[in-house]
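For reference, the structure discussed in these notes is given below.
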Amino acid sequence: MSASASLYKRVQRVIPPMEWPVFAPDIDAILRLKRERNAVILAHNYMTPEIFHCVADIVGDSLALAREAQRVEADIIVMAGVHFMAETAKMLNPAKTVLIPNLEAGCSLAASITAADVRLLRQKYPGRPIVTYVNTSAEVKAESDICCTSGNARRVVESLGVPEVIMLPDQYLAANVARETGVKIISWAGSCEVHERFTPAEIRQLRAENPGVVVLAHPECPPEVVDEADFAGSTAAMADYVTEKQPGRVVLITECSMADNIAVLHPKVDFVRPCNLCPHMKRITLPGIRACLETLTHEVTIAPAIAQRACTAVERMLAI
Ligand code: 13P
Ligand code: SF4
């Protein structure tokens, strides 16, 4: 029996039987290649279920992937996620070869700001610490004092103990954290193209159509959307909420694959599924991962001078 045959049981709730023969050959090849290459696959919560549940070794939110990347002992890390995640893995574990299956897997937040923008902000607002979301390039991280993710943004800002900080580049995460902490935040006009599209009216309609539904929202959503939710947190915090509270019916106001991946683990929870796709995350596919392991492309590297400074900002975050 092929390795993939036993894996189907795990994902049968979200992958129809007729689709499985398309995935199985790539899954078998990837499992073999991982052994041959001494590689591990780190996968973000937004990967599709055949990646998340069938070939990934480590899964999680941005924070968990950064922490786990540091501990990888295998020779090769394949990042099933977007480019900034691969860069973060590389700076935290520079001796490893870090590969990404598609170099175009970017992020609207990372694309919204450059290192020169950060230098100008530092000149304009001297003395304010610069907190940079991990959804940025290594060059931008290198100009920052400390990084944060959606899973620790509040703790990072509070740890600084100052009344005013600069927080880049997500205007909505910044607004949500400012409300939670009472710290004044100078923000940047970046936004996530997936989460900015949700609206309060959409949430109200979901509640009207699905009585009793519990609404979980990602903090990259605008504050007025978060106001309509029962809980806001990172993708890992949303997954933990479902695990702990086992709501009868739930809706995740975030990227589409998240609900599929958690639904596999919670057969008794009814998932209402409006969602927005992240085109960048969806550039990572099984054939892409297979090709990446076959050809050992695309390697992610960072100029040493940038890597060292960027890594300092990420390590300060991980130390909190
Ligand atoms: P988290 O998984 O850290 O919540 O981030 C969401 C996201 O949009 C990553 O691209
Ligand atoms: Fe970037 Fe949003 Fe896609 Fe995450 S979901 S990678 S923040 S565009």
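The way I read the labels, and the way they are meant: chains A, B, ... in the order of the structure tokens, residue 1 as the first residue of every chain, and ligand 1 as the first ligand shown, with later ones counted on from there.
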Report task. Can you pull out every residue within 6 Å of stretch 110-126 of chain A, counting only C-alpha atoms, but drop anything in the same chain fewer than 5 positions away, and send it as number ranges by chain? Result -> A: 135-137, 139-140, 190
Those same residues, written as a PDB file, in the first residue's frame with C-alpha atoms?
```pdb
ATOM      1  CA  ASN A 135       4.971  40.090   7.253  1.00  0.00           C
ATOM      2  CA  THR A 136       7.816  42.231   5.863  1.00  0.00           C
ATOM      3  CA  SER A 137      11.048  41.768   3.932  1.00  0.00           C
ATOM      4  CA  GLU A 139      15.476  44.617   4.656  1.00  0.00           C
ATOM      5  CA  VAL A 140      12.534  46.179   6.496  1.00  0.00           C
ATOM      6  CA  GLY A 190      -0.436  48.750   4.521  1.00  0.00           C
TER       7      GLY A 190
END
```
At a cut-off of 10 Å, using only C-alpha atoms, what residues contact A:Ala95? Leave out same-chain residues fewer than 5 positions from it and give the result as an mmCIF file with C-alpha atoms, in the first residue's frame.
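Produced file around_30.cif, reproduced below:
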```cif
data_model
loop_
_atom_site.group_PDB
_atom_site.id
_atom_site.type_symbol
_atom_site.label_atom_id
_atom_site.label_comp_id
_atom_site.auth_asym_id
_atom_site.auth_seq_id
_atom_site.Cartn_x
_atom_site.Cartn_y
_atom_site.Cartn_z
ATOM 1 C CA GLU A 73 18.015 19.758 12.477
ATOM 2 C CA ASP A 75 19.587 19.792 6.134
ATOM 3 C CA ILE A 76 16.755 21.401 4.188
ATOM 4 C CA LYS A 90 16.691 31.387 6.981
#
```
List all protein, DNA and RNA residues that have any atom at most 7 Å from ligand 1, counting only C-alpha atoms and all ligand atoms, and write the list as a short mmCIF file (atom, residue, chain, number, x, y, z; two decimals) with N, CA and C atoms, in the first residue's frame.
```cif
data_model
loop_
_atom_site.label_atom_id
_atom_site.label_comp_id
_atom_site.auth_asym_id
_atom_site.auth_seq_id
_atom_site.Cartn_x
_atom_site.Cartn_y
_atom_site.Cartn_z
N HIS A 44 2.29 26.77 6.73
CA HIS A 44 1.41 27.72 7.42
C HIS A 44 -0.02 27.20 7.42
N ASN A 45 -0.80 27.71 8.39
CA ASN A 45 -2.21 27.29 8.53
C ASN A 45 -3.05 27.57 7.29
N GLY A 60 1.59 25.57 11.61
CA GLY A 60 1.29 26.58 12.63
C GLY A 60 1.12 27.95 12.06
N ASP A 61 1.01 28.92 12.99
CA ASP A 61 0.93 30.33 12.59
C ASP A 61 2.34 30.86 12.36
N SER A 62 2.44 32.14 12.02
CA SER A 62 3.77 32.69 11.70
C SER A 62 4.73 32.56 12.89
N LEU A 63 4.20 32.76 14.08
CA LEU A 63 5.05 32.70 15.28
C LEU A 63 5.58 31.28 15.50
N ASN A 135 5.36 40.08 8.67
CA ASN A 135 4.97 40.09 7.25
C ASN A 135 5.66 41.23 6.51
N THR A 149 4.23 39.26 15.67
CA THR A 149 3.29 38.56 14.81
C THR A 149 1.90 38.89 15.34
N SER A 150 0.87 38.38 14.67
CA SER A 150 -0.48 38.63 15.19
C SER A 150 -0.68 37.90 16.52
N GLY A 151 0.15 36.88 16.76
CA GLY A 151 0.02 36.10 18.00
C GLY A 151 0.63 36.76 19.22
N HIS A 218 -9.50 37.38 12.42
CA HIS A 218 -8.06 37.63 12.50
C HIS A 218 -7.82 39.13 12.73
N SER A 234 -4.70 35.33 16.33
CA SER A 234 -3.90 34.78 15.22
C SER A 234 -4.53 33.48 14.73
N THR A 235 -4.01 32.95 13.64
CA THR A 235 -4.58 31.70 13.12
C THR A 235 -4.43 30.58 14.18
N ALA A 236 -3.33 30.57 14.92
CA ALA A 236 -3.17 29.55 15.96
C ALA A 236 -4.16 29.78 17.10
#
```
Using only C-alpha atoms and all ligand atoms, find each residue in chain A having at least one atom no more than 9 Å away from ligand 2; report its shortest atom-to-atom pair and that distance in Å (one decimal), rows by chain then rising number, as a tab-separated table.
```
residue	atom	partner	partner_atom_place_in_ligand_line	distance
A:Tyr46	CA	ligand 2	5 (S)	7.7
A:Gly81	CA	ligand 2	6 (S)	7.8
A:Val82	CA	ligand 2	6 (S)	6.0
A:His83	CA	ligand 2	6 (S)	8.6
A:Phe84	CA	ligand 2	6 (S)	8.6
A:Ala105	CA	ligand 2	6 (S)	7.9
A:Gly106	CA	ligand 2	6 (S)	6.5
A:Cys107	CA	ligand 2	1 (Fe)	3.6
A:Ser108	CA	ligand 2	8 (S)	4.7
A:Leu109	CA	ligand 2	1 (Fe)	5.6
A:Ala110	CA	ligand 2	1 (Fe)	7.1
A:Ala111	CA	ligand 2	1 (Fe)	8.9
A:Asn135	CA	ligand 2	7 (S)	6.4
A:Asp170	CA	ligand 2	7 (S)	8.8
A:Ser191	CA	ligand 2	2 (Fe)	7.7
A:Cys192	CA	ligand 2	2 (Fe)	4.0
A:Glu193	CA	ligand 2	8 (S)	5.1
A:Val194	CA	ligand 2	2 (Fe)	5.0
A:His195	CA	ligand 2	2 (Fe)	6.5
A:Glu196	CA	ligand 2	2 (Fe)	8.6
A:Glu220	CA	ligand 2	7 (S)	7.4
A:Thr254	CA	ligand 2	5 (S)	7.7
A:Glu255	CA	ligand 2	5 (S)	6.3
A:Asn276	CA	ligand 2	5 (S)	8.8
A:Leu277	CA	ligand 2	5 (S)	7.7
A:Cys278	CA	ligand 2	3 (Fe)	4.6
A:Pro279	CA	ligand 2	3 (Fe)	6.9
A:His280	CA	ligand 2	3 (Fe)	5.7
A:Met281	CA	ligand 2	3 (Fe)	6.0
A:Lys282	CA	ligand 2	3 (Fe)	8.9
```
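Comparing the minimum interatomic distances between A:Leu42 and each of A:Pro101, A:Pro169, A:Pro267, A:Pro304, counting only C-alpha atoms, we find that A:Pro101 sits nearest.
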Requested in this report: Please identify which residues in stretch 41-130 of chain A DSSP calls helix (DSSP H, G or I) from the backbone, and express them as JSON, numbers by chain.
Outcome: {"A": [49, 50, 51, 52, 62, 63, 64, 65, 66, 67, 68, 69, 70, 71, 83, 84, 85, 86, 87, 88, 89, 90, 91, 92, 110, 111, 112, 115, 116, 117, 118, 119, 120, 121, 122, 123, 124]}
Take the selection from the previous step and output its residues with N, CA, C and O atoms, as a tab-separated table (two decimals), in the first residue's frame.
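What follows is the written file result-v1.tsv:
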```tsv
chain	number	residue	atom	x	y	z
A	49	PRO	N	-5.45	21.55	2.50
A	49	PRO	CA	-5.38	20.38	3.38
A	49	PRO	C	-4.46	19.26	2.90
A	49	PRO	O	-3.86	18.56	3.72
A	50	GLU	N	-4.33	19.09	1.58
A	50	GLU	CA	-3.44	17.99	1.12
A	50	GLU	C	-1.99	18.32	1.42
A	50	GLU	O	-1.17	17.40	1.57
A	51	ILE	N	-1.65	19.59	1.56
A	51	ILE	CA	-0.30	19.97	2.00
A	51	ILE	C	-0.23	19.92	3.52
A	51	ILE	O	0.64	19.28	4.11
A	52	PHE	N	-1.18	20.61	4.15
A	52	PHE	CA	-1.18	20.77	5.61
A	52	PHE	C	-1.21	19.43	6.33
A	52	PHE	O	-0.47	19.20	7.28
A	62	SER	N	2.44	32.14	12.02
A	62	SER	CA	3.77	32.69	11.70
A	62	SER	C	4.73	32.56	12.89
A	62	SER	O	5.92	32.30	12.70
A	63	LEU	N	4.20	32.76	14.08
A	63	LEU	CA	5.05	32.70	15.28
A	63	LEU	C	5.58	31.28	15.50
A	63	LEU	O	6.78	31.07	15.71
A	64	ALA	N	4.69	30.31	15.41
A	64	ALA	CA	5.11	28.91	15.62
A	64	ALA	C	6.11	28.49	14.56
A	64	ALA	O	7.11	27.81	14.86
A	65	LEU	N	5.89	28.90	13.32
A	65	LEU	CA	6.82	28.49	12.25
A	65	LEU	C	8.21	29.10	12.49
A	65	LEU	O	9.23	28.46	12.24
A	66	ALA	N	8.24	30.34	12.99
A	66	ALA	CA	9.54	30.97	13.28
A	66	ALA	C	10.24	30.21	14.41
A	66	ALA	O	11.43	29.87	14.31
A	67	ARG	N	9.50	29.92	15.47
A	67	ARG	CA	10.10	29.19	16.60
A	67	ARG	C	10.61	27.82	16.17
A	67	ARG	O	11.71	27.41	16.53
A	68	GLU	N	9.79	27.13	15.38
A	68	GLU	CA	10.16	25.77	14.99
A	68	GLU	C	11.32	25.77	13.99
A	68	GLU	O	12.15	24.86	13.98
A	69	ALA	N	11.38	26.79	13.13
A	69	ALA	CA	12.46	26.86	12.14
A	69	ALA	C	13.81	26.88	12.84
A	69	ALA	O	14.79	26.26	12.38
A	70	GLN	N	13.85	27.56	13.98
A	70	GLN	CA	15.09	27.65	14.76
A	70	GLN	C	15.60	26.28	15.19
A	70	GLN	O	16.78	26.07	15.35
A	71	ARG	N	14.67	25.36	15.42
A	71	ARG	CA	15.02	24.05	16.01
A	71	ARG	C	15.26	22.97	14.97
A	71	ARG	O	15.59	21.84	15.33
A	83	HIS	N	6.97	34.22	1.10
A	83	HIS	CA	8.40	34.50	1.07
A	83	HIS	C	8.96	35.01	2.40
A	83	HIS	O	10.04	34.60	2.83
A	84	PHE	N	8.21	35.91	3.07
A	84	PHE	CA	8.77	36.45	4.32
A	84	PHE	C	8.96	35.33	5.36
A	84	PHE	O	9.84	35.41	6.22
A	85	MET	N	8.12	34.30	5.29
A	85	MET	CA	8.26	33.19	6.25
A	85	MET	C	9.55	32.40	5.95
A	85	MET	O	10.23	31.96	6.88
A	86	ALA	N	9.85	32.23	4.67
A	86	ALA	CA	11.09	31.54	4.30
A	86	ALA	C	12.30	32.36	4.73
A	86	ALA	O	13.29	31.82	5.26
A	87	GLU	N	12.22	33.67	4.53
A	87	GLU	CA	13.34	34.54	4.97
A	87	GLU	C	13.53	34.45	6.48
A	87	GLU	O	14.66	34.39	6.98
A	88	THR	N	12.43	34.47	7.21
A	88	THR	CA	12.53	34.40	8.68
A	88	THR	C	13.19	33.08	9.10
A	88	THR	O	14.04	33.06	9.99
A	89	ALA	N	12.78	31.99	8.44
A	89	ALA	CA	13.39	30.69	8.76
A	89	ALA	C	14.89	30.74	8.48
A	89	ALA	O	15.71	30.25	9.27
A	90	LYS	N	15.27	31.33	7.36
A	90	LYS	CA	16.69	31.39	6.98
A	90	LYS	C	17.50	32.20	7.99
A	90	LYS	O	18.60	31.80	8.39
A	91	MET	N	16.95	33.36	8.42
A	91	MET	CA	17.76	34.17	9.35
A	91	MET	C	17.89	33.49	10.71
A	91	MET	O	18.89	33.66	11.41
A	92	LEU	N	16.88	32.69	11.10
A	92	LEU	CA	16.93	32.04	12.41
A	92	LEU	C	17.73	30.74	12.40
A	92	LEU	O	18.14	30.25	13.45
A	110	ALA	N	3.93	42.84	3.02
A	110	ALA	CA	5.37	42.94	2.79
A	110	ALA	C	5.67	43.88	1.62
A	110	ALA	O	6.67	44.61	1.64
A	111	ALA	N	4.79	43.87	0.61
A	111	ALA	CA	5.02	44.71	-0.58
A	111	ALA	C	4.72	46.19	-0.33
A	111	ALA	O	5.04	47.03	-1.17
A	112	SER	N	4.11	46.50	0.81
A	112	SER	CA	3.63	47.88	1.02
A	112	SER	C	4.70	48.82	1.57
A	112	SER	O	4.48	50.03	1.65
A	115	ALA	N	12.69	49.43	3.07
A	115	ALA	CA	13.64	49.83	4.12
A	115	ALA	C	13.80	51.36	4.14
A	115	ALA	O	13.90	51.97	5.22
A	116	ALA	N	13.78	51.99	2.95
A	116	ALA	CA	13.93	53.47	2.89
A	116	ALA	C	12.74	54.14	3.58
A	116	ALA	O	12.91	55.17	4.28
A	117	ASP	N	11.54	53.58	3.43
A	117	ASP	CA	10.36	54.13	4.12
A	117	ASP	C	10.58	54.10	5.64
A	117	ASP	O	10.24	55.06	6.35
A	118	VAL	N	11.13	52.99	6.13
A	118	VAL	CA	11.32	52.85	7.58
A	118	VAL	C	12.36	53.86	8.07
A	118	VAL	O	12.19	54.49	9.13
A	119	ARG	N	13.41	54.05	7.28
A	119	ARG	CA	14.45	55.02	7.68
A	119	ARG	C	13.85	56.43	7.77
A	119	ARG	O	14.14	57.18	8.70
A	120	LEU	N	12.98	56.77	6.82
A	120	LEU	CA	12.33	58.09	6.85
A	120	LEU	C	11.44	58.24	8.07
A	120	LEU	O	11.40	59.30	8.71
A	121	LEU	N	10.72	57.17	8.41
A	121	LEU	CA	9.84	57.24	9.59
A	121	LEU	C	10.66	57.45	10.86
A	121	LEU	O	10.26	58.19	11.76
A	122	ARG	N	11.83	56.80	10.90
A	122	ARG	CA	12.68	56.96	12.10
A	122	ARG	C	13.15	58.41	12.23
A	122	ARG	O	13.21	58.96	13.33
A	123	GLN	N	13.45	59.01	11.07
A	123	GLN	CA	13.86	60.43	11.10
A	123	GLN	C	12.71	61.33	11.54
A	123	GLN	O	12.87	62.27	12.30
A	124	LYS	N	11.52	61.01	11.04
A	124	LYS	CA	10.36	61.86	11.29
A	124	LYS	C	9.88	61.74	12.74
A	124	LYS	O	9.40	62.71	13.32
```
Query - Top pick for closest residue to A:Lys268, considering A:Val40, A:Gln205, A:Arg13, A:Val134 and counting only C-alpha atoms - result: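 Smallest separation from A:Lys268 among the options: A:Arg13.
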Report task. Tell me which protein, DNA and RNA residues are within 9 Å of A:Ala175, counting only C-alpha atoms, leaving out same-chain ones fewer than 3 positions away, and put them as a ChimeraX atom specification. Result -> /A:170-172,178-180,185,187,222-223
May I have the selected residues written with N, CA and C atoms, as an mmCIF file, in the first residue's frame?
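The result, written out as out21.cif:
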```cif
data_model
loop_
_atom_site.group_PDB
_atom_site.id
_atom_site.type_symbol
_atom_site.label_atom_id
_atom_site.label_comp_id
_atom_site.auth_asym_id
_atom_site.auth_seq_id
_atom_site.Cartn_x
_atom_site.Cartn_y
_atom_site.Cartn_z
ATOM 1 N N ASP A 170 0.939 47.095 8.970
ATOM 2 C CA ASP A 170 -0.497 46.815 8.867
ATOM 3 C C ASP A 170 -1.308 47.826 9.684
ATOM 4 N N GLN A 171 -1.999 48.725 8.980
ATOM 5 C CA GLN A 171 -2.776 49.760 9.670
ATOM 6 C C GLN A 171 -3.856 49.161 10.570
ATOM 7 N N TYR A 172 -4.415 48.000 10.175
ATOM 8 C CA TYR A 172 -5.526 47.446 10.966
ATOM 9 C C TYR A 172 -5.015 46.716 12.205
ATOM 10 N N ALA A 178 -3.594 49.132 19.269
ATOM 11 C CA ALA A 178 -3.690 50.412 19.988
ATOM 12 C C ALA A 178 -4.899 50.386 20.923
ATOM 13 N N ARG A 179 -5.995 49.856 20.456
ATOM 14 C CA ARG A 179 -7.205 49.802 21.295
ATOM 15 C C ARG A 179 -7.014 48.876 22.486
ATOM 16 N N GLU A 180 -6.312 47.760 22.254
ATOM 17 C CA GLU A 180 -6.121 46.778 23.336
ATOM 18 C C GLU A 180 -5.147 47.266 24.400
ATOM 19 N N ILE A 185 -0.190 54.583 18.670
ATOM 20 C CA ILE A 185 0.568 53.905 17.610
ATOM 21 C C ILE A 185 0.589 54.736 16.340
ATOM 22 N N SER A 187 1.137 54.437 12.597
ATOM 23 C CA SER A 187 1.081 53.244 11.735
ATOM 24 C C SER A 187 1.413 53.582 10.288
ATOM 25 N N PRO A 222 -10.167 44.919 9.627
ATOM 26 C CA PRO A 222 -10.402 46.263 10.161
ATOM 27 C C PRO A 222 -11.069 46.195 11.543
ATOM 28 N N PRO A 223 -10.799 47.193 12.427
ATOM 29 C CA PRO A 223 -11.358 47.162 13.792
ATOM 30 C C PRO A 223 -12.878 47.031 13.814
#
```
Report task. Determine, counting only C-alpha atoms, which protein, DNA and RNA residues have an atom within 10 Å of an atom of A:Ile146; residues of the same chain fewer than 4 positions away are not included. Present the result as a list in words. Result -> Pro129, Ile130, Val131, Thr132, Tyr133, Val134, Lys141, Ala142, Val156, Val157, Leu160, Met167, Ala310, Cys311, Thr312, Ala313, Val314, Glu315, Arg316, Met317 and Leu318 of chain A
Report task. Pull the strand (DSSP E or B) assignments for stretch 93-286 of chain A out of DSSP run on the backbone, and list those residues as an MDAnalysis selection string. Result -> chainID A and resid 97:99 130:133 146:148 164:168 170 184:187 190 214:217 231:232 249:253 255 270:272 276
Report summary line: Judged by only C-alpha atoms, the minimum distance to A:Asn261 among A:Ser144, A:Lys184, A:Ala239, A:Pro274 is found for A:Ala239
Report task. Please provide as a PyMOL selection string all residues within 9 Å of A:Arg204, with the sequence filter that same-chain residues fewer than 5 positions apart are discarded (counting only C-alpha atoms). Result -> chain A and resi 199+209+228
Query raised in the report: Just how far from atom CA of A:Cys54 is atom CA of A:His298, in Å to one decimal?
Result: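 We find that atom CA of A:His298 and atom CA of A:Cys54 lie 21.7 Å from each other.
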Residues near A:Gly288, cut-off 10 Å, only C-alpha atoms, skip fewer than 5 positions along chain, as an mmCIF file with N, CA and C atoms, in the first residue's frame:
```cif
data_model
loop_
_atom_site.group_PDB
_atom_site.id
_atom_site.type_symbol
_atom_site.label_atom_id
_atom_site.label_comp_id
_atom_site.auth_asym_id
_atom_site.auth_seq_id
_atom_site.Cartn_x
_atom_site.Cartn_y
_atom_site.Cartn_z
ATOM 1 N N ASP A 26 1.790 12.808 -6.110
ATOM 2 C CA ASP A 26 2.700 13.852 -5.616
ATOM 3 C C ASP A 26 2.991 13.658 -4.130
ATOM 4 N N ALA A 80 6.405 25.895 3.106
ATOM 5 C CA ALA A 80 5.101 25.915 2.447
ATOM 6 C C ALA A 80 4.334 27.082 3.069
ATOM 7 N N ILE A 100 11.800 27.668 -1.133
ATOM 8 C CA ILE A 100 10.381 28.011 -1.259
ATOM 9 C C ILE A 100 9.935 27.526 -2.640
ATOM 10 N N PRO A 101 8.793 26.843 -2.715
ATOM 11 C CA PRO A 101 8.384 26.259 -4.001
ATOM 12 C C PRO A 101 8.038 27.291 -5.066
ATOM 13 N N ASN A 102 7.667 28.503 -4.682
ATOM 14 C CA ASN A 102 7.325 29.517 -5.681
ATOM 15 C C ASN A 102 7.790 30.884 -5.173
ATOM 16 N N ARG A 283 -0.187 29.968 -4.276
ATOM 17 C CA ARG A 283 0.862 29.651 -5.256
ATOM 18 C C ARG A 283 1.656 28.420 -4.811
ATOM 19 N N LEU A 293 11.681 19.951 -4.195
ATOM 20 C CA LEU A 293 12.542 18.923 -3.593
ATOM 21 C C LEU A 293 13.348 18.178 -4.645
ATOM 22 N N GLU A 294 12.803 18.054 -5.857
ATOM 23 C CA GLU A 294 13.547 17.374 -6.920
ATOM 24 C C GLU A 294 14.732 18.213 -7.395
ATOM 25 N N THR A 297 15.217 23.942 -5.737
ATOM 26 C CA THR A 297 14.969 25.370 -5.993
ATOM 27 C C THR A 297 13.628 25.717 -5.364
#
```
Report task. Return the single residue from A:Val72, A:Val214, A:Ile15, A:Ala189 that is closest to A:Thr48, with distances computed using only C-alpha atoms. Result ->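 Residue with the minimum atom-to-atom distance to A:Thr48: A:Ile15.
Closest approach to A:Val59 among A:Ile253, A:Ala291, A:Ile262, A:Ala74: A:Ile262, based on only C-alpha atoms.
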